[in-house]
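K.L.:
input_25.txt is reproduced below (compact mmCIF, C-alpha atoms).
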# COMPACT_ATOMS: atom_id res chain seq x y z
CA LEU F 1 93.39 122.56 117.82
CA ASN F 2 93.65 122.52 114.04
CA MET F 3 95.38 120.94 111.03
CA ASP F 4 96.43 124.23 109.51
CA ILE F 5 99.80 124.58 107.79
CA PRO F 6 101.56 127.14 110.03
CA TYR F 7 103.47 130.39 109.60
CA GLY F 8 101.62 131.76 106.57
CA GLN F 9 103.01 129.01 104.33
CA VAL F 10 99.73 128.55 102.43
CA GLU F 11 99.77 132.22 101.42
CA LEU F 12 103.43 131.88 100.43
CA ILE F 13 102.67 128.84 98.29
CA GLN F 14 99.78 130.63 96.60
CA GLU F 15 101.94 133.64 95.73
CA VAL F 16 104.81 131.50 94.44
CA VAL F 17 102.41 129.49 92.25
CA LYS F 18 101.01 132.75 90.86
CA ALA F 19 104.54 133.75 89.83
CA ASN F 20 105.40 130.27 88.51
CA PRO F 21 102.46 127.91 87.86
CA ARG F 22 104.92 125.00 87.42
CA THR F 23 105.77 124.95 91.12
CA ILE F 24 106.25 121.68 93.01
CA VAL F 25 105.22 121.85 96.67
CA VAL F 26 107.12 119.53 99.02
CA MET F 27 105.37 118.78 102.32
CA ILE F 28 107.57 117.64 105.20
CA ALA F 29 105.09 116.28 107.74
CA GLY F 30 104.08 113.08 109.49
CA SER F 31 100.35 113.52 109.98
CA PRO F 32 97.36 114.95 108.07
CA LEU F 33 97.35 118.67 107.33
CA ASN F 34 94.73 120.98 105.85
CA MET F 35 95.73 120.51 102.22
CA ALA F 36 92.58 121.76 100.47
CA ALA F 37 93.96 125.18 99.47
CA VAL F 38 97.38 123.80 98.50
CA ASP F 39 95.80 121.01 96.43
CA ILE F 40 93.70 123.53 94.49
CA CYS F 41 96.56 125.86 93.60
CA SER F 42 99.49 123.46 93.18
CA PRO F 43 100.08 121.37 90.04
CA ALA F 44 102.33 118.91 91.89
CA ILE F 45 102.68 117.95 95.55
CA VAL F 46 105.30 115.60 97.02
CA TRP F 47 104.75 114.29 100.53
CA ALA F 48 108.28 113.89 101.88
CA TRP F 49 107.60 112.72 105.45
CA PHE F 50 110.60 112.96 107.86
CA ASN F 51 113.48 111.31 106.02
CA GLY F 52 116.47 112.27 108.13
CA MET F 53 119.93 113.29 106.97
CA GLU F 54 119.70 111.62 103.53
CA GLY F 55 116.20 112.96 102.89
CA GLY F 56 117.50 115.74 100.65
CA ASN F 57 119.26 113.30 98.34
CA ALA F 58 116.21 111.05 98.20
CA LEU F 59 113.95 114.00 97.42
CA VAL F 60 116.20 115.23 94.60
CA ASP F 61 116.17 111.73 93.07
CA VAL F 62 112.36 111.82 93.01
CA LEU F 63 112.05 115.40 91.74
CA SER F 64 114.64 114.84 89.00
CA GLY F 65 113.01 111.62 87.84
CA LYS F 66 115.94 109.40 88.78
CA VAL F 67 113.53 107.50 91.04
CA ASN F 68 109.87 106.94 90.25
CA PRO F 69 107.83 107.55 93.44
CA SER F 70 105.54 104.70 94.44
CA GLY F 71 104.42 105.48 98.00
CA LYS F 72 100.80 105.44 99.12
CA MET F 73 99.15 107.50 101.84
CA PRO F 74 98.69 105.48 105.07
CA PHE F 75 95.92 107.78 106.29
CA THR F 76 93.05 109.83 104.90
CA THR F 77 93.55 113.57 104.53
CA PRO F 78 90.15 115.16 105.30
CA VAL F 79 88.91 118.46 103.93
CA SER F 80 88.61 119.79 107.49
CA LEU F 81 89.25 118.61 111.02
CA ASP F 82 85.51 118.65 111.72
CA GLN F 83 85.15 115.60 109.44
CA SER F 84 87.20 113.38 111.75
CA PRO F 85 85.12 111.18 114.07
CA ALA F 86 86.27 112.62 117.40
CA HIS F 87 85.25 116.11 116.30
CA ALA F 88 82.23 115.16 114.19
CA LEU F 89 80.75 113.30 117.17
CA GLY F 90 81.72 116.00 119.67
CA ASN F 91 83.95 113.71 121.71
CA PHE F 92 87.09 115.85 121.75
CA PRO F 93 88.49 116.70 124.23
CA GLY F 94 85.91 114.69 126.17
CA ARG F 95 83.06 115.27 128.58
CA ASP F 96 83.53 115.30 132.35
CA LEU F 97 87.08 113.98 131.93
CA LYS F 98 85.82 111.03 129.87
CA VAL F 99 86.29 110.34 126.18
CA ASN F 100 83.83 108.05 124.42
CA TYR F 101 84.95 106.34 121.22
CA GLU F 102 81.54 106.40 119.61
CA GLU F 103 82.94 105.78 116.13
CA ASP F 104 83.25 102.14 117.23
CA ILE F 105 84.91 100.11 114.44
CA LEU F 106 84.89 103.08 112.05
CA VAL F 107 88.49 104.10 112.67
CA GLY F 108 90.58 105.93 110.05
CA TYR F 109 89.57 105.46 106.43
CA ARG F 110 86.66 103.24 107.53
CA TRP F 111 84.93 106.32 108.99
CA PHE F 112 85.37 108.53 105.93
CA ASP F 113 84.36 105.81 103.49
CA THR F 114 81.35 104.56 105.42
CA LYS F 115 80.03 108.07 106.01
CA GLY F 116 80.61 109.00 102.36
CA LEU F 117 82.64 112.09 103.26
CA PRO F 118 84.56 113.99 100.56
CA VAL F 119 88.29 114.07 101.31
CA VAL F 120 91.39 115.67 99.81
CA TYR F 121 93.47 112.47 99.63
CA PRO F 122 92.01 109.05 100.45
CA PHE F 123 93.77 106.23 102.23
CA GLY F 124 96.04 104.36 99.81
CA TYR F 125 96.38 107.29 97.39
CA GLY F 126 99.63 107.98 95.57
CA LEU F 127 100.66 109.07 92.09
CA SER F 128 103.53 107.89 89.89
CA TYR F 129 105.43 108.97 86.79
CA THR F 130 103.76 106.09 84.98
CA THR F 131 100.25 104.62 84.87
CA PHE F 132 98.80 101.20 85.68
CA ASP F 133 95.85 99.17 84.47
CA TYR F 134 93.98 96.56 86.51
CA SER F 135 92.09 93.76 84.76
CA ASN F 136 90.81 90.17 84.89
CA LEU F 137 90.06 89.93 88.61
CA ASN F 138 88.94 86.43 89.57
CA THR F 139 89.03 84.00 92.49
CA ASP F 140 90.00 80.34 92.60
CA LYS F 141 86.48 79.39 93.81
CA GLU F 142 83.06 80.96 94.09
CA THR F 143 82.18 79.42 97.48
CA TYR F 144 84.48 78.99 100.48
CA ASP F 145 84.47 77.18 103.79
CA GLN F 146 85.45 78.91 107.01
CA ALA F 147 88.90 77.29 107.03
CA ASP F 148 89.70 78.16 103.40
CA THR F 149 91.97 80.81 101.94
CA ILE F 150 90.68 83.00 99.13
CA GLN F 151 93.07 83.36 96.21
CA ALA F 152 92.26 86.57 94.35
CA THR F 153 94.17 86.90 91.07
CA PHE F 154 94.35 89.86 88.69
CA THR F 155 96.48 91.31 85.92
CA LEU F 156 98.47 94.47 86.56
CA THR F 157 99.95 96.31 83.56
CA ASN F 158 102.34 99.25 83.40
CA THR F 159 100.67 101.33 80.66
CA GLY F 160 103.17 104.19 80.73
CA ASP F 161 106.69 104.73 79.41
CA ARG F 162 108.55 104.63 82.74
CA GLU F 163 109.52 101.73 84.97
CA GLY F 164 107.59 101.96 88.22
CA ALA F 165 105.83 100.23 91.09
CA GLU F 166 102.19 100.07 92.08
CA VAL F 167 100.71 99.06 95.44
CA ALA F 168 97.59 97.10 94.52
CA GLN F 169 95.04 96.99 97.33
CA LEU F 170 92.24 94.49 97.98
CA TYR F 171 89.29 95.60 100.10
CA VAL F 172 86.42 93.42 101.31
CA SER F 173 82.79 94.38 101.97
CA ASP F 174 80.21 92.43 103.97
CA PRO F 175 76.92 93.86 102.64
CA VAL F 176 74.61 91.93 105.01
CA CYS F 177 75.76 91.52 108.60
CA SER F 178 74.16 91.31 112.04
CA VAL F 179 76.41 94.10 113.33
CA MET F 180 77.71 97.39 111.94
CA ARG F 181 80.59 96.89 109.52
CA PRO F 182 82.65 99.41 107.53
CA VAL F 183 81.64 99.81 103.90
CA LYS F 184 84.96 98.12 103.06
CA GLU F 185 88.15 97.04 104.83
CA LEU F 186 91.68 96.51 103.52
CA LYS F 187 92.50 92.78 103.61
CA GLY F 188 95.50 92.47 101.32
CA PHE F 189 98.01 94.46 99.27
CA LYS F 190 101.13 93.93 97.21
CA LYS F 191 103.77 96.24 95.76
CA VAL F 192 104.59 95.23 92.18
CA PHE F 193 107.52 96.54 90.12
CA LEU F 194 106.89 96.62 86.37
CA LYS F 195 108.82 97.76 83.30
CA PRO F 196 107.04 99.91 80.67
CA GLY F 197 104.37 97.81 78.95
CA GLU F 198 104.93 94.81 81.24
CA SER F 199 101.96 92.82 82.56
CA ARG F 200 101.95 90.35 85.41
CA ARG F 201 99.38 88.09 87.04
CA ILE F 202 99.25 88.84 90.77
CA THR F 203 97.70 86.68 93.49
CA LEU F 204 96.63 87.90 96.92
CA ASP F 205 95.83 85.27 99.56
CA ILE F 206 93.03 86.24 101.95
CA PRO F 207 92.21 83.76 104.75
CA VAL F 208 88.45 83.52 105.24
CA SER F 209 89.15 83.91 108.96
CA SER F 210 90.34 87.48 108.27
CA LEU F 211 86.75 88.36 107.30
CA ALA F 212 85.65 87.88 110.90
CA PHE F 213 84.30 90.47 113.31
CA TYR F 214 84.26 90.30 117.10
CA SER F 215 80.83 89.26 118.33
CA GLU F 216 80.04 90.79 121.70
CA ALA F 217 77.12 88.37 122.02
CA GLN F 218 79.35 85.31 121.54
CA SER F 219 82.59 86.77 123.00
CA GLN F 220 84.58 85.54 120.02
CA PHE F 221 85.45 86.35 116.44
CA VAL F 222 82.81 85.24 113.94
CA VAL F 223 82.60 84.93 110.16
CA GLU F 224 78.93 85.05 109.26
CA PRO F 225 78.00 82.97 106.20
CA GLY F 226 76.87 84.88 103.15
CA GLU F 227 78.07 87.11 100.34
CA PHE F 228 81.30 89.09 100.49
CA ILE F 229 82.45 91.55 97.83
CA LEU F 230 86.15 91.79 96.95
CA GLN F 231 87.16 95.23 95.66
CA LEU F 232 90.49 95.72 93.91
CA GLY F 233 91.89 99.21 93.57
CA ALA F 234 94.67 101.79 93.71
CA SER F 235 93.20 103.48 96.80
CA THR F 236 90.12 103.23 98.95
CA SER F 237 88.29 105.60 96.59
CA ASP F 238 89.77 104.30 93.32
CA ILE F 239 88.27 100.85 92.98
CA LYS F 240 89.02 99.24 89.62
CA GLN F 241 87.16 95.91 89.78
CA LYS F 242 84.81 93.98 92.06
CA ILE F 243 83.88 90.33 92.44
CA SER F 244 81.50 88.50 94.77
CA ILE F 245 82.12 85.28 96.70
CA ASP F 246 80.06 83.20 99.13
CA VAL F 247 81.17 81.88 102.50
CA LYS F 248 79.42 78.86 104.02
What do you get writing this file as structure tokens?
P.N.:
Amino acid sequence: LNMDIPYGQVELIQEVVKANPRTIVVMIAGSPLNMAAVDICSPAIVWAWFNGMEGGNALVDVLSGKVNPSGKMPFTTPVSLDQSPAHALGNFPGRDLKVNYEEDILVGYRWFDTKGLPVVYPFGYGLSYTTFDYSNLNTDKETYDQADTIQATFTLTNTGDREGAEVAQLYVSDPVCSVMRPVKELKGFKKVFLKPGESRRITLDIPVSSLAFYSEAQSQFVVEPGEFILQLGASTSDIKQKISIDVK
């Protein structure tokens, strides 16, 4: 079992890039691959997924600049398969026909972030032909009741010279908790289309109830009172601003 790109394609890519350093590599895949070597040698990588019969036309529109790409990675691409929890914990393919999910709540990006593992592409990552600036993150209140909804507002600005879209992501951390929690969890996101130089105030609504965890002791979901940290960013590893709130 491995994540290797098959059929000697990595070697092919490396040789083509040697001949023409301005080579764009297009990956047609639907799950993480070992991208470390390709990332090092390639100046540009487009993840094309499986787009069906019109995929070629869509790809040409992106490569030619007719369309500004704005997708974000829905999974983390690790440096190696051994980083993933099932392999890191020795639980694949199981023991005595049993598989234990010892990673507990640390599924997907939560595992890589909480363990502080270096990765090739983090969850939520994605480039564009323009650039974006995040600023002025604030909340409508500093303290919330359990039945409240947090309104997190920020300014998003297109700082480049191309029209484009950014998927702003809001993660939440619970620094002091009676049970193990991920270092941060995605709680809200919004895709925003902006013209060059345009700024817009964006609001993300986060119900306090979504900060809950399942308490095995109480057999129900619980939001423990205390401090929570809201983290606004372009990916799970590209956090632009943070702000703290209290929950009663």
K.L.:
Just the residues within 12 Å of F:Gln9, please, counting only C-alpha atoms, with nothing from its chain fewer than 5 positions along; format it as a PyMOL selection string.
P.N.:
chain F and resi 4+14-16+25-27+34-35+37-38
K.L.:
Please provide the set of residues having any atom within 10 Å of F:Ile239, restricted to all atoms listed in the file, with same-chain residues fewer than 5 positions apart removed, written as a list in words.
P.N.:
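Final neighbour list, sorted by chain and number: Tyr134, Gln169, Leu170, Tyr171, Gln231, Leu232, Gly233 and Ala234 of chain F.
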K.L.:
Specify the axis-aligned box that encloses all atoms of stretch 88-98 of chain F listed in the file after padding of 5 Å on each side, stating its centre and edge lengths in Å to one decimal as JSON.
P.N.:
{"center_x": 84.6, "center_y": 113.9, "center_z": 123.3, "size_x": 17.7, "size_y": 15.7, "size_z": 28.2}
K.L.:
Which stretch 141-230 of chain F residues have any atom within 12 Å of an atom of stretch 71-75 of chain F, and for each, what is the nearest pair of atoms with distance in Å to one decimal, counting all atoms listed in the file, rows sorted by chain and number, as a Markdown table?
P.N.:
| residue | atom | partner | partner_atom | distance |
| --- | --- | --- | --- | --- |
| F:Gly164 | CA | F:Gly71 | CA | 10.9 |
| F:Ala165 | CA | F:Gly71 | CA | 8.8 |
| F:Glu166 | CA | F:Gly71 | CA | 8.3 |
| F:Val167 | CA | F:Lys72 | CA | 7.4 |
| F:Ala168 | CA | F:Lys72 | CA | 10.1 |
| F:Gln169 | CA | F:Lys72 | CA | 10.4 |
| F:Leu186 | CA | F:Pro74 | CA | 11.5 |
| F:Phe189 | CA | F:Lys72 | CA | 11.3 |
| F:Lys190 | CA | F:Lys72 | CA | 11.7 |
| F:Lys191 | CA | F:Gly71 | CA | 9.5 |
| F:Val192 | CA | F:Gly71 | CA | 11.8 |
K.L.:
So how many Å separate atom CA of F:Thr155 and atom CA of F:Lys240, to one decimal?
P.N.:
11.5 Å
K.L.:
Determine, counting all atoms listed in the file, which protein, DNA and RNA residues have an atom within 8 Å of an atom of stretch 178-182 of chain F; residues of the same chain fewer than 6 positions away are not included. Present the result as a ChimeraX atom specification.
P.N.:
/F:105-106,110-111,113-114
K.L.:
I need the residue nearest F:Asn20 from this list: F:Cys41, F:Ile229, F:Ala48, F:Leu1. Use all atoms listed in the file for the distance.
P.N.:
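Of F:Cys41, F:Ile229, F:Ala48, F:Leu1, the one nearest F:Asn20, counting all atoms listed in the file, is F:Cys41.
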K.L.:
Just checking: using all atoms listed in the file, which residue out of F:Val119, F:Leu194, F:Ala152, F:Met53 ends up closest to F:Leu230?
P.N.:
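Checking each candidate against F:Leu230, we get F:Ala152 as the closest.
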K.L.:
Please indicate the distance in Å from atom CA of F:Lys18 to atom CA of F:Ser42, rounded to one decimal place.
P.N.:
9.7 Å
K.L.:
Which is closer to F:Gly124 than all the others in F:Pro6, F:Leu137, F:Gly108, F:Thr23, using all atoms listed in the file?
P.N.:
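Smallest distance to F:Gly124 is found for F:Gly108.
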K.L.:
How many Å separate atom CA of F:Ala212 from atom CA of F:Gln151?
P.N.:
17.1 Å
K.L.:
Out of F:Val176, F:Leu59, F:Val223, F:Ile202, which residue has the shortest atom-to-atom distance to F:Leu156 when counting all atoms listed in the file?
P.N.:
F:Ile202
K.L.:
Find the residues with any atom within 9 Å of (88.9, 88.8, 103.9); use only C-alpha atoms and the coordinates as given in the file, and write the answer as a ChimeraX atom specification.
P.N.:
/F:149-150,170-173,185-188,205-212,228,230
K.L.:
I'd like the neighbourhood of F:Tyr101 as a PDB file with C-alpha atoms, in the coordinates of the input, where a residue qualifies if any of its atoms comes within 8 Å (using all atoms listed in the file), though same-chain residues fewer than 2 positions away should be ignored.
P.N.:
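Saved the output as result13.pdb:
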ATOM      1  CA  ALA F  86      86.270 112.620 117.400  1.00  0.00           C
ATOM      2  CA  ASN F  91      83.950 113.710 121.710  1.00  0.00           C
ATOM      3  CA  VAL F  99      86.290 110.340 126.180  1.00  0.00           C
ATOM      4  CA  GLU F 103      82.940 105.780 116.130  1.00  0.00           C
ATOM      5  CA  ASP F 104      83.250 102.140 117.230  1.00  0.00           C
TER       6      ASP F 104
END
K.L.:
I'd like to know which of F:Asn136, F:Gln146, F:Val183, F:Ser128 is closest to F:Gly65, using all atoms listed in the file.
P.N.:
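Under the stated criterion, the closest residue is F:Ser128.
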